[in-house]
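File shown here: my_file_20.cif, holding mmCIF, C-alpha atoms.
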data_query
loop_
_atom_site.label_atom_id
_atom_site.label_comp_id
_atom_site.auth_asym_id
_atom_site.auth_seq_id
_atom_site.Cartn_x
_atom_site.Cartn_y
_atom_site.Cartn_z
CA MET R 19 103.30 42.62 -91.43
CA VAL R 20 105.98 40.71 -89.51
CA GLN R 21 109.11 39.39 -91.21
CA TYR R 22 110.37 36.07 -89.84
CA LEU R 23 113.68 34.31 -90.35
CA LEU R 24 114.44 30.72 -89.33
CA ILE R 25 117.95 29.28 -89.64
CA THR R 26 119.30 25.85 -88.82
CA ALA R 27 123.03 25.27 -88.48
CA ASN R 28 125.07 22.25 -87.40
CA VAL R 29 127.99 23.97 -85.69
CA GLY R 30 130.03 20.96 -84.60
CA SER R 31 132.98 22.01 -86.75
CA LEU R 32 133.20 25.47 -85.17
CA PHE R 33 134.38 24.32 -81.81
CA GLU R 34 138.11 23.69 -81.89
CA PRO R 35 140.74 24.93 -79.42
CA ASP R 36 141.92 27.60 -81.90
CA ALA R 37 138.34 28.82 -82.60
CA ARG R 38 139.52 29.67 -86.08
CA LEU R 39 136.08 29.52 -87.70
CA HIS R 40 134.23 31.68 -85.17
CA ASN R 41 134.62 35.08 -86.80
CA SER R 42 133.81 33.96 -90.33
CA TRP R 43 130.77 31.96 -89.15
CA VAL R 44 129.38 34.87 -87.12
CA LYS R 45 129.88 37.27 -90.03
CA THR R 46 128.25 34.85 -92.50
CA VAL R 47 125.15 34.44 -90.33
CA ALA R 48 124.95 38.13 -89.40
CA ASP R 49 125.21 39.21 -93.04
CA GLN R 50 122.34 36.90 -93.92
CA VAL R 51 120.18 38.14 -91.04
CA ASN R 52 120.87 41.80 -91.77
CA GLY R 53 120.07 41.22 -95.43
CA VAL R 54 116.62 39.85 -94.56
CA ASP R 55 116.08 42.33 -91.68
CA PRO R 56 113.48 40.26 -89.81
CA SER R 57 111.57 41.33 -86.72
CA PHE R 58 111.71 37.80 -85.30
CA PHE R 59 114.73 35.59 -85.90
CA VAL R 60 115.33 32.06 -84.58
CA ILE R 61 118.48 30.04 -85.15
CA HIS R 62 118.66 26.38 -84.17
CA LEU R 63 122.09 24.92 -83.47
CA GLN R 64 123.18 21.29 -83.35
CA GLU R 65 126.40 19.84 -81.89
CA THR R 66 127.18 22.92 -79.82
CA GLY R 67 130.59 22.42 -78.26
CA GLY R 68 131.66 20.15 -81.12
CA LYS R 69 133.30 16.76 -80.86
CA LYS R 70 135.73 18.08 -78.22
CA PHE R 71 132.87 19.31 -76.06
CA THR R 72 134.63 18.73 -72.73
CA GLU R 73 137.25 21.23 -73.83
CA CYS R 74 135.32 23.54 -76.16
CA SER R 75 131.83 23.92 -74.68
CA LYS R 76 133.11 27.00 -72.85
CA GLN R 77 133.31 28.69 -76.26
CA VAL R 78 129.53 28.50 -76.74
CA PRO R 79 128.56 31.57 -74.63
CA ILE R 80 131.39 33.48 -76.33
CA ILE R 81 130.10 32.83 -79.83
CA ILE R 82 126.53 33.69 -78.73
CA ASN R 83 127.82 37.02 -77.45
CA HIS R 84 129.68 37.65 -80.70
CA LEU R 85 126.55 36.93 -82.72
CA ALA R 86 124.43 39.21 -80.52
CA ASN R 87 126.97 42.02 -80.93
CA ALA R 88 126.86 41.53 -84.71
CA LEU R 89 123.05 41.96 -84.66
CA PRO R 90 122.56 45.33 -82.92
CA LYS R 91 119.08 45.87 -84.41
CA PHE R 92 117.66 43.24 -82.04
CA ASP R 93 116.80 44.38 -78.53
CA LEU R 94 115.86 41.05 -77.01
CA LEU R 95 117.63 37.69 -76.92
CA ARG R 96 116.49 34.37 -75.54
CA ALA R 97 119.22 31.74 -75.80
CA TYR R 98 118.83 28.16 -74.60
CA VAL R 99 121.91 26.04 -75.25
CA ASP R 100 122.52 22.57 -73.86
CA ILE R 101 126.24 22.38 -73.00
CA ASP R 102 125.96 20.48 -69.71
CA TYR R 103 127.75 17.42 -71.09
CA GLU R 104 127.71 15.61 -67.74
CA ALA R 105 123.90 15.55 -67.67
CA ILE R 106 122.16 12.32 -68.67
CA GLU R 107 119.89 14.22 -71.07
CA TYR R 108 122.75 16.08 -72.80
CA THR R 109 121.80 16.87 -76.42
CA ALA R 110 124.20 19.67 -77.47
CA LEU R 111 121.21 21.50 -78.98
CA GLY R 112 120.64 25.22 -78.94
CA ALA R 113 117.81 27.65 -79.74
CA LEU R 114 118.51 31.38 -80.03
CA CYS R 115 115.58 33.80 -80.47
CA PHE R 116 116.24 37.44 -81.43
CA ILE R 117 113.35 39.93 -81.30
CA LYS R 118 113.14 43.62 -82.19
CA ARG R 119 111.70 46.01 -79.64
CA SER R 120 108.90 46.96 -82.06
CA LEU R 121 107.51 43.44 -81.64
CA TRP R 122 107.79 43.13 -77.85
CA SER R 123 104.20 44.06 -77.12
CA SER R 124 102.96 41.46 -79.63
CA VAL R 125 105.11 38.56 -78.39
CA SER R 126 104.64 36.26 -75.42
CA GLN R 127 106.45 33.06 -74.51
CA PHE R 128 104.85 29.84 -73.36
CA ASN R 129 105.64 28.57 -69.88
CA PHE R 130 105.43 24.76 -70.13
CA HIS R 131 105.11 24.46 -66.34
CA THR R 132 102.19 26.85 -65.80
CA LYS R 133 100.72 26.26 -69.29
CA LYS R 134 100.40 30.02 -69.73
CA TYR R 135 101.89 32.65 -72.02
CA GLU R 136 104.02 35.33 -70.42
CA GLN R 137 105.08 38.76 -71.62
CA LEU R 138 108.76 39.37 -72.20
CA THR R 139 110.38 41.74 -69.73
CA THR R 140 114.15 41.34 -69.49
CA PRO R 141 116.20 42.05 -72.64
CA THR R 142 118.65 39.15 -72.43
CA GLU R 143 118.42 35.64 -71.08
CA VAL R 144 121.10 33.02 -71.79
CA VAL R 145 120.59 29.59 -70.20
CA THR R 146 123.19 26.81 -70.58
CA GLU R 147 122.42 24.52 -67.62
CA GLY R 148 119.37 22.91 -66.09
CA LEU R 149 117.33 23.02 -69.27
CA GLU R 150 115.63 19.72 -68.34
CA ASN R 151 113.60 21.63 -65.75
CA TYR R 152 113.53 25.08 -67.30
CA PRO R 153 109.92 26.27 -67.77
CA TYR R 154 110.29 27.78 -71.25
CA VAL R 155 111.96 24.85 -72.96
CA ILE R 156 111.22 21.19 -73.57
CA LYS R 157 114.35 19.18 -74.27
CA HIS R 158 114.74 15.44 -74.58
CA LYS R 159 117.29 12.98 -75.81
CA PHE R 160 115.80 10.18 -77.87
CA PRO R 161 115.11 7.00 -75.86
CA LYS R 162 118.06 4.66 -75.71
CA ASP R 163 116.08 1.74 -77.11
CA PHE R 164 115.55 3.60 -80.39
CA TRP R 165 118.97 2.39 -81.51
CA PRO R 166 120.34 -0.08 -78.97
CA SER R 167 123.11 -1.38 -81.26
CA ILE R 168 125.18 1.82 -81.00
CA LYS R 169 126.43 4.01 -78.17
CA TRP R 170 123.75 6.28 -76.77
CA GLY R 171 124.57 9.61 -78.38
CA ARG R 172 123.41 13.22 -78.18
CA LYS R 173 120.55 13.04 -80.66
CA GLY R 174 117.28 14.57 -79.52
CA TYR R 175 115.01 17.59 -79.80
CA MET R 176 114.33 20.97 -78.17
CA GLN R 177 111.06 22.92 -78.32
CA THR R 178 110.05 26.51 -77.63
CA ARG R 179 106.55 27.93 -78.10
CA TRP R 180 105.63 31.54 -78.84
CA LYS R 181 102.52 33.60 -79.41
CA ILE R 182 103.15 36.36 -81.93
CA ALA R 183 100.31 38.66 -82.94
CA ASN R 184 97.87 36.09 -81.53
CA LYS R 185 99.31 33.25 -83.64
CA VAL R 186 100.96 30.29 -81.90
CA PHE R 187 104.30 29.03 -83.16
CA ASP R 188 106.12 25.86 -82.14
CA PHE R 189 109.80 25.91 -83.05
CA VAL R 190 111.43 22.48 -82.71
CA ASN R 191 115.14 21.85 -83.10
CA ALA R 192 115.68 18.20 -84.06
CA HIS R 193 118.93 16.30 -84.55
CA LEU R 194 118.15 12.87 -85.97
CA PHE R 195 120.35 9.79 -86.29
CA HIS R 196 123.12 9.83 -88.88
CA ASP R 197 124.33 7.04 -91.16
CA GLU R 198 126.88 5.12 -89.11
CA SER R 199 128.41 3.45 -92.18
CA ASN R 200 128.35 4.11 -95.92
CA LEU R 201 128.42 0.37 -96.56
CA ALA R 202 125.35 -0.69 -94.59
CA PRO R 203 122.71 0.71 -96.99
CA ILE R 204 124.41 -1.14 -99.86
CA HIS R 205 125.00 -4.68 -98.66
CA ASP R 206 122.95 -4.69 -95.44
CA ASN R 207 119.50 -3.23 -94.79
CA PRO R 208 119.02 -0.36 -97.29
CA THR R 209 116.53 1.36 -94.99
CA LEU R 210 118.29 0.74 -91.67
CA TYR R 211 119.18 4.35 -90.94
CA SER R 212 116.18 6.05 -92.55
CA GLU R 213 113.84 3.86 -90.50
CA ASN R 214 115.59 4.95 -87.31
CA ARG R 215 115.24 8.59 -88.33
CA LYS R 216 111.56 8.10 -89.07
CA ARG R 217 111.03 6.45 -85.71
CA ALA R 218 112.69 9.39 -83.99
CA LEU R 219 110.81 12.14 -85.82
CA ASP R 220 107.49 10.29 -85.49
CA PHE R 221 108.20 10.19 -81.75
CA VAL R 222 108.71 13.97 -81.71
CA LEU R 223 105.53 14.62 -83.68
CA SER R 224 103.56 12.32 -81.40
CA GLU R 225 104.87 14.10 -78.29
CA LEU R 226 103.94 17.48 -79.77
CA SER R 227 100.47 16.31 -80.77
CA ALA R 228 99.80 15.05 -77.25
CA MET R 229 100.37 18.51 -75.76
CA GLU R 230 98.34 20.59 -78.23
CA ASN R 231 95.25 20.61 -75.96
CA GLY R 232 92.92 21.46 -78.81
CA CYS R 233 95.26 24.11 -80.20
CA THR R 234 97.12 23.38 -83.43
CA PRO R 235 100.15 25.69 -83.47
CA MET R 236 102.09 26.53 -86.57
CA LEU R 237 104.79 23.92 -86.23
CA PHE R 238 108.28 24.35 -87.65
CA VAL R 239 110.76 21.49 -87.26
CA PHE R 240 114.16 22.70 -88.38
CA GLY R 241 117.48 21.13 -87.63
CA ASP R 242 119.96 18.53 -88.81
CA LEU R 243 117.48 15.86 -89.81
CA ASN R 244 120.28 13.84 -91.41
CA PHE R 245 118.11 12.91 -94.39
CA ARG R 246 120.21 10.99 -96.95
CA LEU R 247 119.77 10.07 -100.59
CA ASP R 248 118.13 6.82 -101.58
CA SER R 249 121.28 4.74 -101.90
CA ARG R 250 120.07 2.39 -104.60
CA SER R 251 118.79 5.00 -107.07
CA PHE R 252 121.68 7.38 -106.38
CA LEU R 253 124.37 4.73 -106.90
CA ASN R 254 122.69 3.47 -110.04
CA ARG R 255 122.82 7.03 -111.32
CA LEU R 256 126.52 7.44 -110.53
CA THR R 257 127.78 4.01 -111.52
CA GLU R 258 126.08 3.30 -114.83
CA SER R 259 128.09 0.78 -116.92
CA THR R 260 130.14 -0.36 -113.94
CA ASN R 261 130.29 -3.50 -111.84
CA PRO R 262 130.69 -3.65 -108.04
CA HIS R 263 133.73 -5.40 -106.58
CA SER R 264 134.49 -6.26 -102.98
CA VAL R 265 137.82 -5.17 -101.54
CA GLU R 266 140.06 -6.49 -98.76
CA GLN R 267 138.06 -9.49 -97.61
CA GLU R 268 139.62 -11.37 -94.75
CA GLN R 269 137.52 -14.51 -95.04
CA MET R 270 135.88 -16.58 -97.75
CA GLY R 271 132.96 -14.97 -99.46
CA SER R 272 132.18 -13.05 -102.58
CA LEU R 273 130.52 -9.70 -102.97
CA ALA R 274 128.35 -11.39 -105.58
CA ASP R 275 126.54 -12.98 -102.62
CA GLY R 276 125.11 -9.58 -101.80
CA LEU R 277 125.54 -7.45 -104.92
CA GLN R 278 124.68 -8.05 -108.54
CA ALA R 279 124.90 -5.76 -111.54
CA GLN R 280 122.07 -6.25 -113.99
CA ASN R 281 121.81 -4.09 -117.10
CA GLY R 282 124.18 -1.60 -115.51
CA ASN R 283 122.04 -1.20 -112.36
CA LEU R 284 122.96 -2.11 -108.83
CA GLN R 285 120.85 -4.87 -107.30
CA VAL R 286 120.95 -5.73 -103.60
CA ALA R 287 120.31 -9.34 -102.71
CA ALA R 288 117.54 -9.96 -100.21
CA HIS R 289 119.73 -11.93 -97.81
CA PRO R 290 123.45 -11.28 -98.23
CA SER R 291 125.57 -13.73 -96.31
CA GLU R 292 126.49 -12.97 -92.70
CA ASN R 293 130.07 -13.75 -93.63
CA LEU R 294 130.00 -11.03 -96.28
CA ARG R 295 128.80 -8.36 -93.90
CA ARG R 296 131.65 -9.07 -91.54
CA THR R 297 134.42 -9.06 -94.07
CA VAL R 298 133.78 -6.48 -96.79
CA SER R 299 135.72 -3.31 -95.91
CA ALA R 300 135.19 -1.49 -99.22
CA ILE R 301 133.27 -1.65 -102.47
CA GLU R 302 134.60 -0.36 -105.77
CA PHE R 303 132.52 0.33 -108.85
CA ARG R 304 134.70 -0.20 -111.93
CA ARG R 305 134.06 0.39 -115.59
CA ASP R 306 133.35 -2.78 -117.55
CA SER R 307 135.69 -1.81 -120.34
CA ASP R 308 138.77 -1.51 -118.18
CA SER R 309 140.92 -4.01 -116.40
CA ASP R 310 139.83 -4.77 -112.86
CA ASP R 311 143.41 -4.16 -111.77
CA SER R 312 143.56 -0.67 -113.21
CA GLN R 313 143.11 2.16 -110.72
CA ASN R 314 141.81 4.31 -113.57
CA SER R 315 138.81 2.00 -113.97
CA CYS R 316 137.44 2.85 -110.53
CA VAL R 317 134.51 5.27 -110.72
CA LEU R 318 133.54 5.11 -107.06
CA ARG R 319 135.07 3.61 -103.92
CA ILE R 320 132.96 3.31 -100.79
CA GLU R 321 134.25 2.48 -97.32
CA LYS R 322 132.61 2.81 -93.93
CA LYS R 323 133.46 6.51 -93.74
CA LYS R 324 134.67 7.21 -97.26
CA PHE R 325 132.81 8.11 -100.43
CA ASP R 326 135.40 8.70 -103.12
CA TYR R 327 133.89 9.55 -106.51
CA PHE R 328 136.29 9.94 -109.42
CA ASN R 329 135.17 13.53 -110.10
CA HIS R 330 134.01 15.24 -106.91
CA LYS R 331 133.68 18.63 -108.57
CA LYS R 332 131.25 17.15 -111.10
CA LEU R 333 129.36 15.48 -108.25
CA LEU R 334 128.81 18.89 -106.67
CA ASP R 335 128.15 20.78 -109.89
CA ASP R 336 125.53 18.24 -111.03
CA TRP R 337 123.50 18.27 -107.81
CA LYS R 338 120.23 18.93 -109.66
CA SER R 339 120.60 15.58 -111.41
CA TYR R 340 120.12 13.66 -108.15
CA ARG R 341 117.55 15.85 -106.38
CA ASP R 342 114.97 13.11 -107.07
CA ASP R 343 117.01 10.71 -104.91
CA ASP R 344 116.23 12.84 -101.86
CA LYS R 345 113.09 11.04 -100.69
CA GLU R 346 113.11 10.78 -96.90
CA ALA R 347 110.91 13.80 -96.26
CA GLU R 348 108.13 12.04 -98.19
CA SER R 349 107.80 9.58 -95.29
CA PHE R 350 106.19 12.27 -93.14
CA LYS R 351 102.77 12.86 -94.66
CA SER R 352 101.76 15.50 -92.12
CA MET R 353 104.84 17.65 -92.78
CA PHE R 354 105.55 19.95 -95.71
CA GLU R 355 108.57 21.75 -97.13
CA MET R 356 109.25 24.51 -99.62
CA ASN R 357 110.93 23.40 -102.86
CA ILE R 358 114.65 22.83 -102.50
CA ASN R 359 116.68 24.73 -105.06
CA PHE R 360 120.11 24.74 -103.44
CA PRO R 361 123.09 22.35 -103.38
CA PRO R 362 123.51 19.61 -100.78
CA THR R 363 124.21 20.99 -97.32
CA TYR R 364 126.63 18.21 -96.33
CA PRO R 365 129.53 17.18 -96.23
CA TRP R 366 131.45 20.37 -97.00
CA SER R 367 135.16 20.86 -96.40
CA GLU R 368 136.13 22.01 -92.91
CA ASP R 369 139.31 23.58 -94.27
CA PRO R 370 139.01 27.40 -94.59
CA GLU R 371 141.54 27.29 -97.44
CA ASN R 372 139.43 24.83 -99.43
CA SER R 373 135.90 25.53 -98.26
CA GLU R 374 134.04 25.33 -101.58
CA THR R 375 134.46 21.57 -102.04
CA LEU R 376 132.79 18.46 -100.66
CA MET R 377 134.69 16.12 -98.38
CA LYS R 378 135.14 12.52 -99.50
CA THR R 379 133.64 11.13 -96.31
CA ARG R 380 129.96 10.71 -97.20
CA ALA R 381 127.66 10.94 -100.17
CA PRO R 382 126.25 14.45 -100.61
CA ALA R 383 122.90 15.01 -98.90
CA TRP R 384 120.38 17.62 -97.88
CA CYS R 385 120.67 16.96 -94.15
CA ASP R 386 119.60 20.39 -92.90
CA ARG R 387 115.91 21.12 -93.41
CA VAL R 388 112.90 23.21 -92.41
CA LEU R 389 109.68 21.16 -92.25
CA MET R 390 106.24 22.54 -91.40
CA ASN R 391 102.82 21.24 -90.53
CA LYS R 392 99.88 22.14 -92.76
CA ALA R 393 98.92 25.23 -90.75
CA ALA R 394 102.43 26.68 -90.95
CA PHE R 395 102.90 25.77 -94.60
CA SER R 396 99.68 27.53 -95.56
CA PHE R 397 100.90 30.76 -93.98
CA VAL R 398 104.45 30.52 -95.28
CA LYS R 399 103.62 29.83 -98.91
CA ASP R 400 101.56 33.04 -99.04
CA GLY R 401 104.25 35.08 -97.29
CA GLU R 402 106.81 35.51 -100.08
CA PRO R 403 109.00 32.69 -98.75
CA ALA R 404 112.71 32.30 -99.45
CA TYR R 405 114.20 28.87 -98.72
CA LYS R 406 117.91 28.45 -99.32
CA SER R 407 121.29 27.51 -97.97
CA PHE R 408 124.06 30.06 -97.60
CA GLY R 409 127.73 30.47 -96.76
CA MET R 410 129.01 29.00 -100.03
CA GLU R 411 131.91 31.46 -100.19
CA THR R 412 133.23 30.77 -96.71
CA CYS R 413 133.86 27.86 -94.35
CA THR R 414 130.91 27.17 -92.07
CA GLY R 415 132.07 23.68 -91.15
CA ASP R 416 130.89 20.42 -92.71
CA HIS R 417 127.29 21.70 -92.90
CA LYS R 418 125.97 24.75 -94.72
CA PRO R 419 123.27 26.65 -92.80
CA VAL R 420 119.75 26.64 -94.22
CA MET R 421 117.26 29.49 -93.87
CA LEU R 422 113.56 30.08 -94.39
CA ALA R 423 112.38 33.69 -94.54
CA PHE R 424 108.73 34.68 -94.81
CA ASN R 425 106.28 37.34 -93.67
CA ILE R 426 102.86 37.16 -92.10
#
Could you spell out this file's structure in structure tokens?
Amino acid sequence: MVQYLLITANVGSLFEPDARLHNSWVKTVADQVNGVDPSFFVIHLQETGGKKFTECSKQVPIIINHLANALPKFDLLRAYVDIDYEAIEYTALGALCFIKRSLWSSVSQFNFHTKKYEQLTTPTEVVTEGLENYPYVIKHKFPKDFWPSIKWGRKGYMQTRWKIANKVFDFVNAHLFHDESNLAPIHDNPTLYSENRKRALDFVLSELSAMENGCTPMLFVFGDLNFRLDSRSFLNRLTESTNPHSVEQEQMGSLADGLQAQNGNLQVAAHPSENLRRTVSAIEFRRDSDSDDSQNSCVLRIEKKKFDYFNHKKLLDDWKSYRDDDKEAESFKSMFEMNINFPPTYPWSEDPENSETLMKTRAPAWCDRVLMNKAAFSFVKDGEPAYKSFGMETCTGDHKPVMLAFNI
């Protein structure tokens, strides 16, 4: 029997000049790994180097070394981390594979150039440049025309392939498009961002399918998939018995052109005016029974990058009440997931002194996921799986890591 552990972690918040979160993050991950005690452990990282990547990417090899030192039971490390920010295909993705010596003879790695599996020989290999042409990794940034209206970012995917005890595993690290604005799904196209995410992940699945060559590996896609809650059902749940009001319009136009409250539920007009989309800078949901001028009547205020609910602690504590609003994964009929029974993984406070609260920047969401194809899911569900997030007692940045442990 082989124990496996897969972890996905958006680490963008870790990389600051003071590196203040490094030690706590490494300890949090290492404690989780040591508690599971797997023979094969893969962690996928997104946003390596952080937002200040030109200054902080040099920290990436340091934190990899710290993590390796905190996991002395593993004898072999393969680390592929894209920190070459001057490269056209820069994705800021990373894949770290830790393997115990007891498994060496049963593990081989796929060479995408020769199309052959190769035995592992050297104990440590850390690659941070030239991954576009490296034989053991496939890495691509999503095509620019996937989202031409915004600046071409770092979103993309990275793939490694392994044969373990004669079973083939594809591990794919994916970082899909985020929601650029909180307002767009309300008074613009409600499916604008989710459609872009679906286009991107469908592209990845199509690319993987094309290279199977008659072999269907056990596929695991785990990363920051940026899945968000269905905005209409979630807001209706939060804003019962309220009415939406536009705020700070600069030109003529009424929010009623695009929003209507009927029987306490939010309705989005099919064609809100172009003028409205340009001028609404915030939307407030206010209780009917209170004066519109009273600040106390505001249940929820939404701006482009603000989601301010009147009781954020309740919003976090009641996460089970809006699990049904998490629907994006259902768009991928060929992919499966274990039941989610953990709080939203985003957006958590980046302040170590206040790490157990959600930030008021975005609506809560289960962004960080582990999806599987049918072959992988069949094995995992019979392998005593554990699917959860962790790091609730410490600051891991604005995302909480998510893990899937299982045995085969």
* Hits of the PyMOL selection byres ((chain R and resi 65) around 7) in this structure, as a ChimeraX atom specification -> /R:28-30,63-64,66-68,110-111
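In this structure, atom CA of Phe59 of chain R sits 6.5 Å away from atom CA of Ile117 of chain R.
Neighbouring residues of segment 151-166 of chain R at 7 Å or closer, counting only C-alpha atoms and skipping chain neighbours under 3 positions away, are Glu107, Tyr108, Thr109, Phe128, Asn129, Phe130, His131, Gly148, Trp170, Arg172, Lys173, Gly174, Tyr175, Met176, Gln177, Thr178 and Ala218 of chain R.
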* To do: Considering only C-alpha atoms, return as a list in words whatever protein or nucleic-acid residues lie within 9 Å of Asp326 of chain R, sequence-local ones (same chain, fewer than 4 positions apart) excluded.
  => Val317, Leu318, Arg319, Ile320, Glu321, His330, Met377, Lys378, Thr379, Arg380 and Ala381 of chain R
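Considering the residues R:Met353, R:Leu201, R:Ala383, R:Val398 and counting all atoms listed in the file, Arg341 of chain R has its shortest atom-to-atom contact with R:Ala383.
Take the candidates R:Pro35, R:Pro419, R:Pro79, R:Pro361 and check each one against Leu114 of chain R using only C-alpha atoms; the shortest distance goes to R:Pro79.
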* To do: Give me the residues within 12 Å of Phe397 of chain R as a PyMOL selection string, counting all atoms listed in the file and dropping any in the same chain fewer than 2 places off.
  => chain R and resi 22+185+187+235-238+354+356+390-395+399-403+423-426
* Close residues, segment 89-91 of chain R itself excluded, 9 Å, all atoms listed in the file, min 4 positions apart in chain, as a ChimeraX atom specification -> /R:48,51-52,55,84-85,116-119
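The spacing separating atom CA of Tyr364 of chain R from atom CA of Cys385 of chain R amounts to 6.5 Å.
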* Which residues, written as number ranges by chain, have at least one atom at most 10 Å from segment 368-375 of chain R, with all atoms listed in the file counted and residues fewer than 4 positions away on the same chain left out? -> R: 31-32, 38-39, 42, 330-331, 334, 409-417
Six-sided padding of 4 Å per side, axis-aligned box over segment 131-141 of chain R, centre and edges in Å, one decimal, as JSON:
{"center_x": 108.3, "center_y": 33.3, "center_z": -69.2, "size_x": 23.8, "size_y": 25.6, "size_z": 14.8}
